[in-house]
Amino acid sequence: MAELSPEITEQLISIVGDPKRVLLNEADRYSYSFDASFGIHLPDVVVQPLSTKEVSEIMKLANQYRIPVCPRGQGTSLSGGPLPVKGGIVLDFARWNQTLEIDVEDMVAIVSPGVLTADIHKAANEWGMMYPPDPSSSSVSTIGGNLAENAGGPRGLKYGVTKDYVIGLEVVTPEGEIIRTGGRTVKNVTGYDLTKLIVGSEGTLGVITEAILRIVPKPQATKTMMAIFDDLVDSGRAISKILTSGIVPAKMEIMDQASVIAVEEYEPLGLPTDIEAILLIELDGHPIAISYEMQKVQQVCKEVGARETKVAQTDHEANELWKARKLVSPAIVRIKPTKISEDATVPRSKIPDMFKRLKEIREKYQVDLVVFGHAGDGNLHPNIIADKRDKEEMLRVEQAVGEIFEAAVELGGTLSGEHGIGTMKAPFMEMELGKAGIDMMTRIKKSWDPNNILNPGKIFPEPGQKLVLHHE
């Protein structure tokens, strides 16, 4: 890799035409050296582009001098996606949020990469529409980051994830070419589906500079219910039974006992703590239909052994029930400061088995493991809370995380439902994909990015790479 000479810096400034958008100061660069995962990697320079032409020129320059380029939104990634592990240029898209157009007739939103995800939903809402993907970080994460990681969220069960709503992209290739994939039509089978290839490629194949997203009509009404279970396995059976009874909830979230206790200690909401699981279920649709379906859901939960079910009668009551789920993350870090948030995902039928395995892992490694997440699609969030200053504990955590991934893959699941691979899960890729699977992906990477300058060090494991959460 070329050193970042003063000449290259001068060229970057002349490309963007504003020295304020090229950050060289060490304090500024440190602000871009971390995300919501682990590890600190200092970039050589941070550039804040505001146009596709600027990105194209930056990529041409970087490719010529073999300078690594790392695209970044708001740095909320839980897998190390935007970390500049090889130094080089961080492309900061957080300021590029100028385009947010809603076209009601075509039912699409056209957006710049730095637009916050929640703002797309808000803009669609004004027209009686919605943009369904709802990662928990949506009020702080950019759509560009969501596209790179193929983000999900609670509504994924009924509505799908980010890739299900992307119909067109404008992308700058690692060599600086500008291409458009897909378009404004719902159906499009011209050639290979490059749109879906780019979504979820974690910034390793191209830089997204604009997206055309599908939006859908907003449901007329929603209804929320809480079901309390003395036995975790019963809650797993309830999930399967509801989904096979012909009802597709908008959301179906689970909290284990450790999550509930943490929330009650953080902000008492009056939840019972002598239980093994709480299910939160939201239905949406026509008011009459969801009233009938909610009765059926209650009945199913009681049949499989729920201790109690409670249907929210007002919006305020519904918000109170969802509040518990939203508080899990802040509540658990009160206990210990370091949170390792995973998203191993298993087929729905294997949820009870996965819970059993997680219980065994918790006991074997004596780690503080809490489980919550999107139960309806098997996308669990086993979170381990620890203190990264305690090396011995962090070593146990590393082993436990490795075993969580093994358990998910053995049960026919995947390393990641929505957080991406990044640096955190690269060492486990072969376990899920096999050598040939990784080989096909590396060939795609090589053909798009022959000089390996775009987000290097992500997804693909480096020889001998291991998960390391502790510092020597």
# chains A, B, ... in the order shown; residues from 1 in each chain; ligands from 1

call {"tool": "residues_around", "arguments": {"residues": "Leu78 of chain A", "least_positions_apart": "2", "cutoff": "10 Å", "atoms": "only C-alpha atoms", "output": "list in words"}}
result
Asp35, Ala36, Ser37, Phe38, Gly75, Thr76, Gly80, Gly81, Pro82, Ile340, Ser341, Glu342, Asp343, Glu418, His419, Gly420, Ile421, Gly422, Thr423 and Met424 of chain A

call {"tool": "closest_atom_pairs", "arguments": {"of": "segment 183-240 of chain A", "to": "segment 272-289 of chain A", "cutoff": "6 Å", "atoms": "only C-alpha atoms", "output": "JSON lines"}}
result
{"residue": "A:Pro219", "atom": "CA", "partner": "A:Gly285", "partner_atom": "CA", "distance": 4.9}
{"residue": "A:Gln220", "atom": "CA", "partner": "A:Gly285", "partner_atom": "CA", "distance": 5.6}
{"residue": "A:Ala221", "atom": "CA", "partner": "A:Gly285", "partner_atom": "CA", "distance": 5.5}
{"residue": "A:Thr222", "atom": "CA", "partner": "A:Asp284", "partner_atom": "CA", "distance": 4.2}
{"residue": "A:Lys223", "atom": "CA", "partner": "A:Leu283", "partner_atom": "CA", "distance": 5.3}
{"residue": "A:Thr224", "atom": "CA", "partner": "A:Glu282", "partner_atom": "CA", "distance": 4.4}
{"residue": "A:Met225", "atom": "CA", "partner": "A:Ile281", "partner_atom": "CA", "distance": 5.2}
{"residue": "A:Met226", "atom": "CA", "partner": "A:Leu280", "partner_atom": "CA", "distance": 4.7}
{"residue": "A:Ala227", "atom": "CA", "partner": "A:Leu279", "partner_atom": "CA", "distance": 5.1}
{"residue": "A:Ile228", "atom": "CA", "partner": "A:Ile278", "partner_atom": "CA", "distance": 4.7}
{"residue": "A:Phe229", "atom": "CA", "partner": "A:Ala277", "partner_atom": "CA", "distance": 5.2}
{"residue": "A:Asp230", "atom": "CA", "partner": "A:Ile275", "partner_atom": "CA", "distance": 4.7}
{"residue": "A:Asp231", "atom": "CA", "partner": "A:Glu276", "partner_atom": "CA", "distance": 5.3}
{"residue": "A:Leu232", "atom": "CA", "partner": "A:Glu276", "partner_atom": "CA", "distance": 5.3}

call {"tool": "closest_atom_pairs", "arguments": {"of": "segment 67-154 of chain A", "to": "segment 375-378 of chain A", "cutoff": "12 Å", "atoms": "only C-alpha atoms", "output": "JSON lines"}}
result
{"residue": "A:Gly152", "atom": "CA", "partner": "A:Asp377", "partner_atom": "CA", "distance": 10.6}
{"residue": "A:Gly153", "atom": "CA", "partner": "A:Asp377", "partner_atom": "CA", "distance": 10.3}
{"residue": "A:Pro154", "atom": "CA", "partner": "A:Gly376", "partner_atom": "CA", "distance": 8.7}

call {"tool": "write_last_selection", "arguments": {"atoms": "all heavy atoms", "output": "PDB file, in the first residue's frame"}}
result
ATOM      1  N   GLY A 152     -31.855  -6.282   9.569  1.00  0.00           N
ATOM      2  CA  GLY A 152     -33.198  -6.855   9.775  1.00  0.00           C
ATOM      3  C   GLY A 152     -33.962  -6.050  10.808  1.00  0.00           C
ATOM      4  O   GLY A 152     -34.038  -4.834  10.734  1.00  0.00           O
ATOM      5  N   GLY A 153     -34.485  -6.747  11.817  1.00  0.00           N
ATOM      6  CA  GLY A 153     -35.262  -6.084  12.869  1.00  0.00           C
ATOM      7  C   GLY A 153     -36.483  -6.907  13.208  1.00  0.00           C
ATOM      8  O   GLY A 153     -36.774  -7.917  12.568  1.00  0.00           O
ATOM      9  N   PRO A 154     -37.231  -6.480  14.237  1.00  0.00           N
ATOM     10  CA  PRO A 154     -38.393  -7.257  14.688  1.00  0.00           C
ATOM     11  C   PRO A 154     -39.425  -7.540  13.595  1.00  0.00           C
ATOM     12  O   PRO A 154     -40.045  -8.596  13.568  1.00  0.00           O
ATOM     13  CB  PRO A 154     -39.004  -6.382  15.791  1.00  0.00           C
ATOM     14  CG  PRO A 154     -37.879  -5.538  16.269  1.00  0.00           C
ATOM     15  CD  PRO A 154     -36.979  -5.316  15.093  1.00  0.00           C
TER      16      PRO A 154
END

call {"tool": "residues_around", "arguments": {"residues": "Leu433 of chain A", "least_positions_apart": "6", "cutoff": "10 Å", "atoms": "only C-alpha atoms", "output": "VMD selection string"}}
result
chain A and resid 409 414 439 441

call {"tool": "write_last_selection", "arguments": {"atoms": "N, CA and C atoms", "output": "PDB file, in the first residue's frame"}}
result
ATOM      1  N   VAL A 409     -24.782 -23.389  13.773  1.00  0.00           N
ATOM      2  CA  VAL A 409     -24.510 -24.051  12.487  1.00  0.00           C
ATOM      3  C   VAL A 409     -24.914 -25.530  12.549  1.00  0.00           C
ATOM      4  N   THR A 414     -27.320 -20.206  11.008  1.00  0.00           N
ATOM      5  CA  THR A 414     -26.311 -19.341  10.400  1.00  0.00           C
ATOM      6  C   THR A 414     -25.595 -18.501  11.460  1.00  0.00           C
ATOM      7  N   ASP A 439     -14.439 -20.090  -1.365  1.00  0.00           N
ATOM      8  CA  ASP A 439     -13.668 -19.899  -2.600  1.00  0.00           C
ATOM      9  C   ASP A 439     -14.500 -19.158  -3.644  1.00  0.00           C
ATOM     10  N   MET A 441     -16.942 -17.103  -3.124  1.00  0.00           N
ATOM     11  CA  MET A 441     -17.091 -15.706  -2.705  1.00  0.00           C
ATOM     12  C   MET A 441     -15.803 -14.911  -2.937  1.00  0.00           C
TER      13      MET A 441
END

call {"tool": "residues_around", "arguments": {"residues": "Phe428 of chain A", "least_positions_apart": "2", "cutoff": "8 Å", "atoms": "only C-alpha atoms", "output": "ChimeraX atom specification"}}
result
/A:402,405,415,425-426,430-432,461

call {"tool": "residues_around", "arguments": {"residues": "Lys158 of chain A", "least_positions_apart": "3", "cutoff": "7 Å", "atoms": "only C-alpha atoms", "output": "VMD selection string"}}
result
chain A and resid 155 248 to 250

call {"tool": "write_last_selection", "arguments": {"atoms": "all heavy atoms", "output": "mmCIF file, in the first residue's frame"}}
result
data_model
loop_
_atom_site.group_PDB
_atom_site.id
_atom_site.type_symbol
_atom_site.label_atom_id
_atom_site.label_comp_id
_atom_site.auth_asym_id
_atom_site.auth_seq_id
_atom_site.Cartn_x
_atom_site.Cartn_y
_atom_site.Cartn_z
ATOM 1 N N ARG A 155 -39.619 -6.571 12.676
ATOM 2 C CA ARG A 155 -40.670 -6.768 11.654
ATOM 3 C C ARG A 155 -40.257 -7.747 10.564
ATOM 4 O O ARG A 155 -41.044 -8.073 9.679
ATOM 5 C CB ARG A 155 -41.041 -5.426 11.018
ATOM 6 C CG ARG A 155 -42.105 -4.667 11.794
ATOM 7 C CD ARG A 155 -42.824 -3.654 10.922
ATOM 8 N NE ARG A 155 -41.951 -2.569 10.547
ATOM 9 C CZ ARG A 155 -42.059 -1.319 11.005
ATOM 10 N NH1 ARG A 155 -43.012 -1.017 11.863
ATOM 11 N NH2 ARG A 155 -41.235 -0.377 10.604
ATOM 12 N N VAL A 248 -49.576 -14.777 10.817
ATOM 13 C CA VAL A 248 -48.202 -14.268 10.721
ATOM 14 C C VAL A 248 -48.129 -12.942 11.482
ATOM 15 O O VAL A 248 -48.568 -11.909 10.989
ATOM 16 C CB VAL A 248 -47.767 -14.051 9.246
ATOM 17 C CG1 VAL A 248 -46.305 -13.612 9.199
ATOM 18 C CG2 VAL A 248 -47.964 -15.318 8.439
ATOM 19 N N PRO A 249 -47.593 -12.985 12.708
ATOM 20 C CA PRO A 249 -47.478 -11.734 13.463
ATOM 21 C C PRO A 249 -46.493 -10.774 12.793
ATOM 22 O O PRO A 249 -45.593 -11.200 12.071
ATOM 23 C CB PRO A 249 -46.917 -12.195 14.820
ATOM 24 C CG PRO A 249 -47.175 -13.661 14.893
ATOM 25 C CD PRO A 249 -47.119 -14.145 13.479
ATOM 26 N N ALA A 250 -46.684 -9.471 13.037
ATOM 27 C CA ALA A 250 -45.728 -8.480 12.531
ATOM 28 C C ALA A 250 -44.427 -8.616 13.305
ATOM 29 O O ALA A 250 -43.341 -8.486 12.745
ATOM 30 C CB ALA A 250 -46.290 -7.078 12.701
#

call {"tool": "closest_residue", "arguments": {"among": "A:Met440, A:Val216, A:Ala400, A:Val199", "to": "Met107 of chain A", "atoms": "only C-alpha atoms"}}
result
A:Val216

call {"tool": "atom_distance", "arguments": {"atom1": "atom CA of Glu303 of chain A", "atom2": "atom CA of Ile254 of chain A"}}
result
18.3 Å
